[in-house]
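Listing of query.pdb, PDB, C-alpha atoms
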MODEL        1
ATOM      1  CA  MET A  16     -18.197   5.739  19.365
ATOM      2  CA  LYS A  17     -19.588   9.243  19.668
ATOM      3  CA  LEU A  18     -21.156  11.451  17.014
ATOM      4  CA  GLY A  19     -19.843  14.994  16.669
ATOM      5  CA  VAL A  20     -19.625  17.977  14.335
ATOM      6  CA  PHE A  21     -16.851  20.192  12.987
ATOM      7  CA  THR A  22     -18.107  23.594  14.139
ATOM      8  CA  PRO A  23     -16.928  26.010  11.357
ATOM      9  CA  VAL A  24     -20.252  25.179   9.727
ATOM     10  CA  PHE A  25     -21.728  27.275  12.582
ATOM     11  CA  ASN A  26     -19.230  30.159  12.352
ATOM     12  CA  ALA A  27     -22.123  32.605  11.951
ATOM     13  CA  LEU A  28     -23.375  31.596  15.414
ATOM     14  CA  SER A  29     -22.029  32.675  18.777
ATOM     15  CA  PHE A  30     -20.263  30.127  20.959
ATOM     16  CA  ASP A  31     -23.364  29.696  23.151
ATOM     17  CA  ASP A  32     -25.700  29.378  20.168
ATOM     18  CA  MET A  33     -23.332  26.850  18.559
ATOM     19  CA  LEU A  34     -23.453  24.736  21.718
ATOM     20  CA  ASP A  35     -27.250  24.938  21.759
ATOM     21  CA  LYS A  36     -27.355  23.874  18.117
ATOM     22  CA  ALA A  37     -25.030  20.903  18.628
ATOM     23  CA  GLN A  38     -27.048  19.794  21.643
ATOM     24  CA  SER A  39     -30.348  20.120  19.755
ATOM     25  CA  LEU A  40     -28.982  17.816  17.047
ATOM     26  CA  GLY A  41     -28.361  15.133  19.663
ATOM     27  CA  LEU A  42     -24.602  15.256  19.204
ATOM     28  CA  GLN A  43     -22.039  14.243  21.803
ATOM     29  CA  ALA A  44     -18.881  16.005  20.638
ATOM     30  CA  ILE A  45     -17.603  19.106  18.873
ATOM     31  CA  GLU A  46     -14.430  19.715  16.880
ATOM     32  CA  ILE A  47     -13.513  23.386  17.212
ATOM     33  CA  GLY A  48     -11.498  25.676  14.965
ATOM     34  CA  ALA A  49      -8.490  27.233  16.693
ATOM     35  CA  GLY A  50      -7.142  29.216  13.753
ATOM     36  CA  GLY A  51      -6.060  28.802  10.159
ATOM     37  CA  ASN A  52      -8.752  27.848   7.648
ATOM     38  CA  PRO A  53     -11.367  26.846  10.282
ATOM     39  CA  GLY A  54     -11.107  30.285  11.895
ATOM     40  CA  THR A  55     -11.600  31.158  15.563
ATOM     41  CA  ALA A  56     -15.313  32.011  15.702
ATOM     42  CA  HIS A  57     -15.886  29.804  18.757
ATOM     43  CA  LEU A  58     -12.545  29.984  20.512
ATOM     44  CA  ASP A  59     -10.045  32.742  21.352
ATOM     45  CA  PRO A  60      -6.715  30.899  21.636
ATOM     46  CA  ASP A  61      -4.792  33.778  23.214
ATOM     47  CA  ALA A  62      -7.451  34.496  25.832
ATOM     48  CA  LEU A  63      -7.764  30.844  26.800
ATOM     49  CA  LEU A  64      -4.016  30.323  26.906
ATOM     50  CA  ALA A  65      -3.694  33.298  29.257
ATOM     51  CA  SER A  66      -6.379  32.362  31.778
ATOM     52  CA  ALA A  67      -7.113  29.129  33.635
ATOM     53  CA  ASP A  68     -10.417  30.648  34.773
ATOM     54  CA  LYS A  69     -11.506  31.307  31.200
ATOM     55  CA  ARG A  70     -10.561  27.757  30.209
ATOM     56  CA  HIS A  71     -12.573  26.381  33.120
ATOM     57  CA  GLU A  72     -15.588  28.536  32.200
ATOM     58  CA  TYR A  73     -15.314  27.504  28.529
ATOM     59  CA  LEU A  74     -15.140  23.784  29.288
ATOM     60  CA  ALA A  75     -17.948  24.046  31.842
ATOM     61  CA  LYS A  76     -20.261  25.414  29.147
ATOM     62  CA  VAL A  77     -19.329  22.580  26.804
ATOM     63  CA  GLU A  78     -19.943  19.998  29.527
ATOM     64  CA  ALA A  79     -23.254  21.601  30.541
ATOM     65  CA  HIS A  80     -24.517  20.889  27.021
ATOM     66  CA  GLY A  81     -23.593  17.208  27.309
ATOM     67  CA  LEU A  82     -20.674  17.642  24.914
ATOM     68  CA  THR A  83     -16.947  16.954  24.796
ATOM     69  CA  ILE A  84     -14.297  18.465  22.521
ATOM     70  CA  SER A  85     -12.952  15.806  20.169
ATOM     71  CA  ALA A  86     -10.219  17.961  18.624
ATOM     72  CA  LEU A  87      -8.926  21.465  18.083
ATOM     73  CA  SER A  88      -8.321  22.124  14.395
ATOM     74  CA  CYS A  89      -6.072  24.701  12.739
ATOM     75  CA  HIS A  90      -5.786  23.495   9.132
ATOM     76  CA  ASN A  91      -3.220  25.581   7.260
ATOM     77  CA  ASN A  92       0.111  25.280   5.414
ATOM     78  CA  PRO A  93       3.018  25.299   7.880
ATOM     79  CA  ILE A  94       5.608  24.564   5.161
ATOM     80  CA  SER A  95       4.414  27.171   2.681
ATOM     81  CA  PRO A  96       7.155  28.761   0.519
ATOM     82  CA  LEU A  97       5.691  32.119   1.579
ATOM     83  CA  PRO A  98       7.509  32.894   4.853
ATOM     84  CA  ALA A  99       4.647  34.880   6.378
ATOM     85  CA  VAL A 100       2.133  32.102   5.690
ATOM     86  CA  ALA A 101       4.426  29.401   7.064
ATOM     87  CA  LYS A 102       5.274  31.456  10.165
ATOM     88  CA  GLN A 103       1.655  32.164  11.017
ATOM     89  CA  ALA A 104       0.619  28.537  10.440
ATOM     90  CA  ASP A 105       3.464  27.248  12.591
ATOM     91  CA  GLU A 106       2.710  29.672  15.427
ATOM     92  CA  THR A 107      -0.977  28.752  15.294
ATOM     93  CA  LEU A 108      -0.232  25.024  15.383
ATOM     94  CA  ARG A 109       2.112  25.342  18.355
ATOM     95  CA  LYS A 110      -0.410  27.486  20.245
ATOM     96  CA  THR A 111      -3.149  24.974  19.462
ATOM     97  CA  ILE A 112      -1.064  22.067  20.769
ATOM     98  CA  LYS A 113      -0.399  23.982  23.991
ATOM     99  CA  LEU A 114      -4.063  24.900  24.373
ATOM    100  CA  ALA A 115      -5.151  21.320  23.729
ATOM    101  CA  GLU A 116      -2.788  20.173  26.467
ATOM    102  CA  LEU A 117      -4.201  22.698  28.940
ATOM    103  CA  MET A 118      -7.803  21.819  28.057
ATOM    104  CA  ASN A 119      -7.304  18.036  28.003
ATOM    105  CA  VAL A 120      -8.268  17.796  24.323
ATOM    106  CA  PRO A 121      -6.396  14.770  22.963
ATOM    107  CA  VAL A 122      -6.136  15.632  19.240
ATOM    108  CA  VAL A 123      -5.049  18.594  17.119
ATOM    109  CA  ASN A 124      -5.991  18.427  13.427
ATOM    110  CA  GLU A 125      -3.949  20.026  10.639
ATOM    111  CA  PHE A 126      -2.867  19.593   7.017
ATOM    112  CA  SER A 127       0.612  18.276   6.278
ATOM    113  CA  GLY A 128       1.268  21.310   4.106
ATOM    114  CA  VAL A 129       2.920  21.651   0.724
ATOM    115  CA  SER A 130       6.075  23.621  -0.058
ATOM    116  CA  GLY A 131       7.649  24.966  -3.191
ATOM    117  CA  GLY A 132       9.534  22.575  -5.428
ATOM    118  CA  ASN A 133      12.995  23.973  -4.682
ATOM    119  CA  GLU A 134      14.847  26.478  -2.513
ATOM    120  CA  THR A 135      13.833  29.513  -4.563
ATOM    121  CA  ASP A 136      10.164  28.726  -5.343
ATOM    122  CA  THR A 137       7.689  31.363  -4.188
ATOM    123  CA  GLN A 138       4.529  29.320  -4.820
ATOM    124  CA  VAL A 139       3.392  25.852  -3.778
ATOM    125  CA  ASN A 140       4.098  22.833  -5.986
ATOM    126  CA  TRP A 141       2.103  19.579  -5.743
ATOM    127  CA  PRO A 142       3.842  16.835  -7.765
ATOM    128  CA  THR A 143       1.517  13.984  -8.702
ATOM    129  CA  ILE A 144       3.535  12.045 -11.271
ATOM    130  CA  ALA A 145       7.127  10.768 -11.455
ATOM    131  CA  TRP A 146       7.873  11.896 -15.016
ATOM    132  CA  PRO A 147       9.079  14.311 -16.351
ATOM    133  CA  THR A 148      11.806  13.787 -13.785
ATOM    134  CA  GLU A 149      11.662  17.407 -12.607
ATOM    135  CA  TYR A 150       8.524  16.451 -10.701
ATOM    136  CA  ARG A 151      10.418  13.703  -8.922
ATOM    137  CA  ASP A 152      13.183  16.146  -8.041
ATOM    138  CA  SER A 153      10.608  18.521  -6.549
ATOM    139  CA  TYR A 154       8.957  15.688  -4.618
ATOM    140  CA  GLU A 155      12.228  14.558  -3.046
ATOM    141  CA  PHE A 156      13.197  18.134  -2.137
ATOM    142  CA  GLN A 157       9.832  18.731  -0.480
ATOM    143  CA  TRP A 158       9.926  15.578   1.608
ATOM    144  CA  GLU A 159      13.586  15.634   2.630
ATOM    145  CA  LYS A 160      14.132  19.372   3.061
ATOM    146  CA  ARG A 161      10.735  20.667   4.134
ATOM    147  CA  LEU A 162       8.094  18.129   5.226
ATOM    148  CA  ILE A 163      10.038  15.600   7.311
ATOM    149  CA  PRO A 164      12.224  18.128   9.173
ATOM    150  CA  TYR A 165       9.189  20.248  10.063
ATOM    151  CA  TRP A 166       7.023  17.413  11.334
ATOM    152  CA  LYS A 167       9.884  15.814  13.266
ATOM    153  CA  GLY A 168       9.964  18.965  15.348
ATOM    154  CA  ILE A 169       6.184  19.027  15.774
ATOM    155  CA  ASN A 170       6.184  15.346  16.754
ATOM    156  CA  ASP A 171       8.541  16.213  19.619
ATOM    157  CA  VAL A 172       6.332  19.134  20.724
ATOM    158  CA  ALA A 173       3.150  17.037  20.536
ATOM    159  CA  THR A 174       4.739  14.084  22.342
ATOM    160  CA  ALA A 175       5.874  16.324  25.204
ATOM    161  CA  ALA A 176       2.339  17.722  25.467
ATOM    162  CA  GLY A 177       0.652  14.304  25.284
ATOM    163  CA  ILE A 178      -1.219  15.333  22.127
ATOM    164  CA  LYS A 179      -1.929  13.374  18.947
ATOM    165  CA  ILE A 180      -1.729  15.168  15.598
ATOM    166  CA  GLY A 181      -4.421  14.285  13.071
ATOM    167  CA  ILE A 182      -3.236  15.147   9.571
ATOM    168  CA  GLU A 183      -6.128  15.350   7.141
ATOM    169  CA  LEU A 184      -5.344  13.524   3.902
ATOM    170  CA  HIS A 185      -6.358  16.176   1.408
ATOM    171  CA  GLY A 186      -5.401  16.576  -2.227
ATOM    172  CA  GLY A 187      -3.033  19.462  -2.866
ATOM    173  CA  PHE A 188      -0.922  18.629   0.201
ATOM    174  CA  LEU A 189       2.005  16.235   0.428
ATOM    175  CA  CYS A 190       0.146  13.806   2.715
ATOM    176  CA  HIS A 191      -3.003  12.833   0.840
ATOM    177  CA  THR A 192      -3.003   9.007   0.775
ATOM    178  CA  PRO A 193      -2.480   6.209   3.328
ATOM    179  CA  TYR A 194       1.004   5.642   1.883
ATOM    180  CA  THR A 195       2.108   9.264   2.255
ATOM    181  CA  MET A 196       0.625   9.370   5.765
ATOM    182  CA  LEU A 197       2.553   6.303   6.898
ATOM    183  CA  LYS A 198       5.707   7.499   5.135
ATOM    184  CA  LEU A 199       5.593  10.717   7.160
ATOM    185  CA  ARG A 200       4.725   8.924  10.406
ATOM    186  CA  ASP A 201       7.607   6.478   9.965
ATOM    187  CA  ALA A 202      10.017   9.363   9.383
ATOM    188  CA  THR A 203       8.819  11.604  12.223
ATOM    189  CA  GLY A 204       7.163   9.751  15.098
ATOM    190  CA  SER A 205       4.017   8.172  16.492
ATOM    191  CA  ALA A 206       2.367  11.432  17.603
ATOM    192  CA  ILE A 207       1.830  12.091  13.893
ATOM    193  CA  GLY A 208      -1.251  10.297  12.613
ATOM    194  CA  CYS A 209      -4.344  10.781  10.503
ATOM    195  CA  ASN A 210      -7.612  12.674  10.605
ATOM    196  CA  LEU A 211      -9.246  10.445   8.002
ATOM    197  CA  ASP A 212     -11.918  12.012   5.819
ATOM    198  CA  PRO A 213     -13.390   9.421   3.427
ATOM    199  CA  SER A 214     -14.594  12.130   1.051
ATOM    200  CA  HIS A 215     -10.985  12.724  -0.025
ATOM    201  CA  MET A 216     -10.338   9.024  -0.446
ATOM    202  CA  TRP A 217     -13.240   8.480  -2.838
ATOM    203  CA  TRP A 218     -12.227  11.180  -5.319
ATOM    204  CA  GLN A 219      -8.686   9.781  -5.396
ATOM    205  CA  GLY A 220      -9.963   6.291  -6.211
ATOM    206  CA  ILE A 221      -9.147   4.889  -2.737
ATOM    207  CA  ASP A 222     -11.587   2.645  -0.890
ATOM    208  CA  PRO A 223     -12.100   4.267   2.548
ATOM    209  CA  VAL A 224     -12.601   0.881   4.226
ATOM    210  CA  ALA A 225      -9.213  -0.233   2.901
ATOM    211  CA  ALA A 226      -7.694   3.056   4.087
ATOM    212  CA  ILE A 227      -9.115   2.460   7.575
ATOM    213  CA  LYS A 228      -7.599  -1.015   7.652
ATOM    214  CA  ILE A 229      -4.181   0.221   6.494
ATOM    215  CA  LEU A 230      -4.046   3.153   8.903
ATOM    216  CA  GLY A 231      -5.724   1.313  11.759
ATOM    217  CA  ALA A 232      -3.269  -1.584  11.573
ATOM    218  CA  ALA A 233      -0.462   0.982  11.973
ATOM    219  CA  GLY A 234      -2.138   2.698  14.938
ATOM    220  CA  ALA A 235      -2.327   5.878  12.888
ATOM    221  CA  LEU A 236      -6.066   6.699  13.110
ATOM    222  CA  HIS A 237      -6.304   9.700  15.428
ATOM    223  CA  HIS A 238      -9.583  11.292  14.300
ATOM    224  CA  PHE A 239     -12.337  10.736  11.720
ATOM    225  CA  HIS A 240     -14.415  13.101   9.579
ATOM    226  CA  ALA A 241     -17.810  12.141   8.181
ATOM    227  CA  LYS A 242     -18.269  13.656   4.730
ATOM    228  CA  ASP A 243     -19.401  12.035   1.503
ATOM    229  CA  THR A 244     -18.464  12.515  -2.164
ATOM    230  CA  TYR A 245     -20.587  12.057  -5.267
ATOM    231  CA  LEU A 246     -18.611  10.765  -8.256
ATOM    232  CA  ASP A 247     -20.097  11.655 -11.664
ATOM    233  CA  GLN A 248     -18.661   9.099 -14.078
ATOM    234  CA  ASP A 249     -19.697  11.035 -17.198
ATOM    235  CA  ASN A 250     -17.819  14.083 -15.935
ATOM    236  CA  ILE A 251     -14.886  11.954 -14.807
ATOM    237  CA  ASN A 252     -14.631  10.701 -18.380
ATOM    238  CA  MET A 253     -14.263  14.312 -19.508
ATOM    239  CA  HIS A 254     -12.181  15.907 -16.724
ATOM    240  CA  GLY A 255     -10.552  13.059 -14.810
ATOM    241  CA  LEU A 256     -10.406  13.005 -11.024
ATOM    242  CA  THR A 257      -7.954  15.912 -10.747
ATOM    243  CA  ASP A 258     -10.717  18.284 -11.807
ATOM    244  CA  MET A 259      -9.723  21.971 -11.692
ATOM    245  CA  GLN A 260     -13.228  23.369 -12.223
ATOM    246  CA  PRO A 261     -14.644  25.573  -9.464
ATOM    247  CA  TYR A 262     -16.603  23.746  -6.782
ATOM    248  CA  GLU A 263     -19.664  25.721  -7.875
ATOM    249  CA  SER A 264     -19.657  24.019 -11.322
ATOM    250  CA  LEU A 265     -21.913  21.262 -10.038
ATOM    251  CA  LYS A 266     -23.268  20.080 -13.380
ATOM    252  CA  THR A 267     -19.860  19.512 -14.953
ATOM    253  CA  ARG A 268     -17.549  18.656 -12.040
ATOM    254  CA  ALA A 269     -16.143  15.126 -11.822
ATOM    255  CA  TRP A 270     -16.924  14.955  -8.113
ATOM    256  CA  THR A 271     -18.761  16.970  -5.490
ATOM    257  CA  PHE A 272     -18.803  16.822  -1.696
ATOM    258  CA  ARG A 273     -22.136  15.630  -0.288
ATOM    259  CA  THR A 274     -23.654  15.033   3.093
ATOM    260  CA  VAL A 275     -23.460  11.502   4.490
ATOM    261  CA  GLY A 276     -25.556   9.065   2.459
ATOM    262  CA  TYR A 277     -25.899  11.255  -0.639
ATOM    263  CA  GLY A 278     -22.708  10.214  -2.394
ATOM    264  CA  HIS A 279     -22.534   6.606  -1.206
ATOM    265  CA  GLY A 280     -25.099   4.321   0.374
ATOM    266  CA  LEU A 281     -25.436   3.581   4.061
ATOM    267  CA  LYS A 282     -23.938   0.121   3.449
ATOM    268  CA  ASP A 283     -20.646   1.896   2.665
ATOM    269  CA  TRP A 284     -20.924   3.925   5.850
ATOM    270  CA  ARG A 285     -21.777   0.871   7.952
ATOM    271  CA  ASP A 286     -18.751  -0.896   6.509
ATOM    272  CA  MET A 287     -16.556   2.066   7.473
ATOM    273  CA  ILE A 288     -17.940   2.255  11.005
ATOM    274  CA  SER A 289     -17.436  -1.486  11.427
ATOM    275  CA  ALA A 290     -13.855  -1.228  10.129
ATOM    276  CA  LEU A 291     -13.153   1.611  12.559
ATOM    277  CA  ARG A 292     -14.370  -0.547  15.444
ATOM    278  CA  LEU A 293     -12.467  -3.618  14.207
ATOM    279  CA  TYR A 294      -9.201  -1.680  13.912
ATOM    280  CA  GLY A 295      -9.414  -0.045  17.327
ATOM    281  CA  TYR A 296     -10.920   3.377  16.631
ATOM    282  CA  ASP A 297     -13.628   3.901  19.251
ATOM    283  CA  TYR A 298     -13.627   7.674  19.311
ATOM    284  CA  VAL A 299     -15.580  10.484  17.628
ATOM    285  CA  VAL A 300     -17.095  10.510  14.143
ATOM    286  CA  SER A 301     -17.089  14.244  13.352
ATOM    287  CA  ILE A 302     -19.529  15.480  10.713
ATOM    288  CA  GLU A 303     -18.129  18.015   8.246
ATOM    289  CA  HIS A 304     -20.822  19.677   6.139
ATOM    290  CA  GLU A 305     -19.766  20.988   2.715
ATOM    291  CA  ASP A 306     -22.760  19.920   0.622
ATOM    292  CA  PRO A 307     -23.559  22.567  -2.043
ATOM    293  CA  LEU A 308     -27.026  21.117  -2.706
ATOM    294  CA  MET A 309     -28.319  21.286   0.875
ATOM    295  CA  SER A 310     -28.720  23.978   3.472
ATOM    296  CA  VAL A 311     -26.696  23.664   6.660
ATOM    297  CA  ASP A 312     -29.717  22.580   8.689
ATOM    298  CA  GLU A 313     -31.018  20.029   6.190
ATOM    299  CA  GLY A 314     -27.585  18.618   5.426
ATOM    300  CA  LEU A 315     -26.680  18.208   9.087
ATOM    301  CA  HIS A 316     -30.024  16.682  10.033
ATOM    302  CA  ARG A 317     -29.683  14.126   7.217
ATOM    303  CA  ALA A 318     -26.088  13.342   8.194
ATOM    304  CA  VAL A 319     -27.002  12.920  11.862
ATOM    305  CA  ALA A 320     -29.957  10.658  11.070
ATOM    306  CA  ASN A 321     -27.956   8.519   8.650
ATOM    307  CA  LEU A 322     -24.947   8.178  10.930
ATOM    308  CA  LYS A 323     -27.056   7.367  13.980
ATOM    309  CA  SER A 324     -28.372   4.385  12.048
ATOM    310  CA  CYS A 325     -24.778   3.256  11.380
ATOM    311  CA  LEU A 326     -22.882   4.124  14.551
ATOM    312  CA  ILE A 327     -21.710   1.379  16.912
ATOM    313  CA  GLU A 328     -21.870   2.717  20.460
ATOM    314  CA  GLU A 329     -21.862  -0.210  22.854
ATOM    315  CA  THR A 330     -18.939  -2.478  23.761
ATOM    316  CA  PRO A 331     -19.496  -5.846  22.049
ATOM    317  CA  GLY A 332     -18.501  -8.028  25.016
ATOM    318  CA  ALA A 333     -18.516 -11.812  24.749
ATOM    319  CA  THR A 334     -19.369 -13.699  21.586
ATOM    320  CA  TRP A 335     -22.122 -15.435  23.527
ATOM    321  CA  TRP A 336     -22.831 -18.021  20.822
ATOM    322  CA  THR A 337     -19.308 -19.456  21.182
ATOM    323  CA  GLY A 338     -18.424 -18.479  24.744
ATOM    324  CA  ASP A 339     -15.359 -16.563  23.476
ATOM    325  CA  THR A 340     -14.601 -12.828  23.384
ATOM    326  CA  ILE A 341     -13.681 -10.767  20.350
TER     327      ILE A 341
ENDMDL
END

When written as structure tokens, how does the structure in this file appear?
Amino acid sequence: MKLGVFTPVFNALSFDDMLDKAQSLGLQAIEIGAGGNPGTAHLDPDALLASADKRHEYLAKVEAHGLTISALSCHNNPISPLPAVAKQADETLRKTIKLAELMNVPVVNEFSGVSGGNETDTQVNWPTIAWPTEYRDSYEFQWEKRLIPYWKGINDVATAAGIKIGIELHGGFLCHTPYTMLKLRDATGSAIGCNLDPSHMWWQGIDPVAAIKILGAAGALHHFHAKDTYLDQDNINMHGLTDMQPYESLKTRAWTFRTVGYGHGLKDWRDMISALRLYGYDYVVSIEHEDPLMSVDEGLHRAVANLKSCLIEETPGATWWTGDTI
């Protein structure tokens, strides 16, 4: 496995300074924003799509810093009920898939999206319960009329390009659990898989190790984010896990994103890394820093140090004490 970073945390830095920073942290990979929510601070999709020379120069700089690109990410809402939002997200995703193909980047990360609850809705609708039955009606409309048809088309585009799609399981979008991920994959195709972020599993009450096993057994683990979550049981008792308070309300929120090791112990992270290896994921662990209690530098340094103590890098080889192989 390799240790990497999701670079929007460095959006205030130039491309060259970002590369220097990633190298100074001892990282091996970078996940770069190509539009949508991550922005394009370190990559101009149109310029790179238009010029093989610029792509070569870009990749040469990455390689000169001892880095590889684990994924291009363009998280957005391609099935938004707002036509302009959906159009822009779709165009960005298709451009990103094409650029990833040209730059030999194997994964493009995105959200599944969330639509309105019916044909005339003008705002998103995220059903989370089966009763009253109107919620179920909205859920079925979204999956059958919006989500599955859209991602069937993207599966075909990604397959033709030789690219894997990593859908981040994030609350507020239709794919947010292992079940919804596999439901979409089964309905659309094997290019559609998961960018698993354990921070979003914890606040939904899902054990990330179990999620890794479920998704790994299905061959659906395409990318992995390293971000932690602190669960405050006293605040959960008051607000529940679907807490609508602003992320800045740290004292009263039910849960808060933290850097690796500050929401859960390193035993949890070692168990996740081991499960990734056991279920065939031997790719990049990409740090995403969204800790409101730590500066960027301190949070990243702590995450890097903690993950380096957990990461499994070498091939296990023979089980020498039995003479067999794993």

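When the distance limit is 6 Å and all atoms listed in the file are what count, the residues near A:Ser153, minus those fewer than 3 positions from it on the same chain, are Gly132, Tyr150 and Phe156 of chain A.
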
Selection result for the PyMOL selection byres ((chain A and resi 50-63) around 6) on this file, as a ChimeraX atom specification: /A:23,26,30,48-49,64-66,69-70,89-91

Go ahead and dump the residues you just picked, C-alpha atoms, as a PDB file, in the frame of the given file.
ATOM      1  CA  PRO A  23     -16.928  26.010  11.357  1.00  0.00           C
ATOM      2  CA  ASN A  26     -19.230  30.159  12.352  1.00  0.00           C
ATOM      3  CA  PHE A  30     -20.263  30.127  20.959  1.00  0.00           C
ATOM      4  CA  GLY A  48     -11.498  25.676  14.965  1.00  0.00           C
ATOM      5  CA  ALA A  49      -8.490  27.233  16.693  1.00  0.00           C
ATOM      6  CA  LEU A  64      -4.016  30.323  26.906  1.00  0.00           C
ATOM      7  CA  ALA A  65      -3.694  33.298  29.257  1.00  0.00           C
ATOM      8  CA  SER A  66      -6.379  32.362  31.778  1.00  0.00           C
ATOM      9  CA  LYS A  69     -11.506  31.307  31.200  1.00  0.00           C
ATOM     10  CA  ARG A  70     -10.561  27.757  30.209  1.00  0.00           C
ATOM     11  CA  CYS A  89      -6.072  24.701  12.739  1.00  0.00           C
ATOM     12  CA  HIS A  90      -5.786  23.495   9.132  1.00  0.00           C
ATOM     13  CA  ASN A  91      -3.220  25.581   7.260  1.00  0.00           C
TER      14      ASN A  91
END

Contact residues around stretch 178-183 of chain A with only C-alpha atoms at 7 Å, ignoring same-chain residues under 6 positions, as an MDAnalysis selection string: chainID A and resid 112 116 121:127 206:212 237:238

Expected residue set, 12 Å radius at (-28.2, 19.0, 5.9), all atoms listed in the file, as a ChimeraX atom specification: /A:24,40,242,273-277,302-321

Applying 9 Å and all atoms listed in the file, which residues near stretch 201-203 of chain A remain after dropping the ones on its own chain fewer than 2 positions away? List them as a compact mmCIF listing (two decimals) with C-alpha atoms, in the coordinates of the input.
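The resulting file, out.txt, is shown below:
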# COMPACT_ATOMS: atom_id res chain seq x y z
CA ILE A 163 10.04 15.60 7.31
CA PRO A 164 12.22 18.13 9.17
CA TYR A 165 9.19 20.25 10.06
CA TRP A 166 7.02 17.41 11.33
CA LYS A 167 9.88 15.81 13.27
CA GLY A 168 9.96 18.96 15.35
CA ILE A 169 6.18 19.03 15.77
CA ASN A 170 6.18 15.35 16.75
CA ASP A 171 8.54 16.21 19.62
CA MET A 196 0.62 9.37 5.76
CA LEU A 197 2.55 6.30 6.90
CA LYS A 198 5.71 7.50 5.14
CA LEU A 199 5.59 10.72 7.16
CA SER A 205 4.02 8.17 16.49
CA ALA A 206 2.37 11.43 17.60
CA ILE A 207 1.83 12.09 13.89

Could you list the residues chosen by the PyMOL selection byres ((chain A and resi 138-141) around 8) in this structure as a PDB file with C-alpha atoms, in the frame of the given file?
ATOM      1  CA  SER A  95       4.414  27.171   2.681  1.00  0.00           C
ATOM      2  CA  PRO A  96       7.155  28.761   0.519  1.00  0.00           C
ATOM      3  CA  LEU A  97       5.691  32.119   1.579  1.00  0.00           C
ATOM      4  CA  VAL A 129       2.920  21.651   0.724  1.00  0.00           C
ATOM      5  CA  SER A 130       6.075  23.621  -0.058  1.00  0.00           C
ATOM      6  CA  GLY A 131       7.649  24.966  -3.191  1.00  0.00           C
ATOM      7  CA  GLY A 132       9.534  22.575  -5.428  1.00  0.00           C
ATOM      8  CA  ASP A 136      10.164  28.726  -5.343  1.00  0.00           C
ATOM      9  CA  THR A 137       7.689  31.363  -4.188  1.00  0.00           C
ATOM     10  CA  PRO A 142       3.842  16.835  -7.765  1.00  0.00           C
ATOM     11  CA  THR A 143       1.517  13.984  -8.702  1.00  0.00           C
ATOM     12  CA  SER A 153      10.608  18.521  -6.549  1.00  0.00           C
ATOM     13  CA  TYR A 154       8.957  15.688  -4.618  1.00  0.00           C
ATOM     14  CA  GLY A 187      -3.033  19.462  -2.866  1.00  0.00           C
ATOM     15  CA  PHE A 188      -0.922  18.629   0.201  1.00  0.00           C
ATOM     16  CA  LEU A 189       2.005  16.235   0.428  1.00  0.00           C
TER      17      LEU A 189
END

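If you look at atom CA of A:Gly231 and atom CA of A:Arg292, they are 9.6 Å away from each other.
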
Let me know the centre plus edge lengths, in Å and rounded to one decimal, of a box with edges along x, y and z that contains all listed atoms of stretch 247-257 of chain A and is padded by 4 Å on every side, as JSON.
{"center_x": -14.0, "center_y": 12.5, "center_z": -15.1, "size_x": 20.1, "size_y": 14.8, "size_z": 16.8}

Nearest to A:Gly295 by atom-to-atom distance, counting only C-alpha atoms, from A:Ala232, A:Ile221, A:Ala145, A:Cys190: A:Ala232

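Shortest atom-to-atom contact with A:His80 among A:Asp297, A:Asp258, A:Asp31, A:Glu328: A:Asp31, counting only C-alpha atoms.
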
Please, could N, CA and C atoms be added to stretch 265-274 of chain A and the result written as a PDB file, keeping the file's coordinate frame?
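Written file, part03.pdb:
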ATOM      1  N   LEU A 265     -21.374  22.548 -10.483  1.00  0.00           N
ATOM      2  CA  LEU A 265     -21.913  21.262 -10.038  1.00  0.00           C
ATOM      3  C   LEU A 265     -22.317  20.353 -11.199  1.00  0.00           C
ATOM      4  N   LYS A 266     -22.787  20.918 -12.279  1.00  0.00           N
ATOM      5  CA  LYS A 266     -23.268  20.080 -13.380  1.00  0.00           C
ATOM      6  C   LYS A 266     -22.135  19.428 -14.158  1.00  0.00           C
ATOM      7  N   THR A 267     -20.956  20.028 -14.126  1.00  0.00           N
ATOM      8  CA  THR A 267     -19.860  19.512 -14.953  1.00  0.00           C
ATOM      9  C   THR A 267     -18.693  18.961 -14.148  1.00  0.00           C
ATOM     10  N   ARG A 268     -18.675  19.157 -12.834  1.00  0.00           N
ATOM     11  CA  ARG A 268     -17.549  18.656 -12.040  1.00  0.00           C
ATOM     12  C   ARG A 268     -17.516  17.130 -11.997  1.00  0.00           C
ATOM     13  N   ALA A 269     -16.313  16.576 -11.910  1.00  0.00           N
ATOM     14  CA  ALA A 269     -16.143  15.126 -11.822  1.00  0.00           C
ATOM     15  C   ALA A 269     -16.636  14.590 -10.484  1.00  0.00           C
ATOM     16  N   TRP A 270     -16.487  15.386  -9.446  1.00  0.00           N
ATOM     17  CA  TRP A 270     -16.924  14.955  -8.113  1.00  0.00           C
ATOM     18  C   TRP A 270     -17.341  16.162  -7.297  1.00  0.00           C
ATOM     19  N   THR A 271     -18.218  15.904  -6.328  1.00  0.00           N
ATOM     20  CA  THR A 271     -18.761  16.970  -5.490  1.00  0.00           C
ATOM     21  C   THR A 271     -18.940  16.440  -4.079  1.00  0.00           C
ATOM     22  N   PHE A 272     -18.565  17.220  -3.080  1.00  0.00           N
ATOM     23  CA  PHE A 272     -18.803  16.822  -1.696  1.00  0.00           C
ATOM     24  C   PHE A 272     -20.306  16.781  -1.415  1.00  0.00           C
ATOM     25  N   ARG A 273     -20.728  15.766  -0.671  1.00  0.00           N
ATOM     26  CA  ARG A 273     -22.136  15.630  -0.288  1.00  0.00           C
ATOM     27  C   ARG A 273     -22.243  15.274   1.189  1.00  0.00           C
ATOM     28  N   THR A 274     -23.415  15.462   1.719  1.00  0.00           N
ATOM     29  CA  THR A 274     -23.654  15.033   3.093  1.00  0.00           C
ATOM     30  C   THR A 274     -23.731  13.510   3.143  1.00  0.00           C
TER      31      THR A 274
END
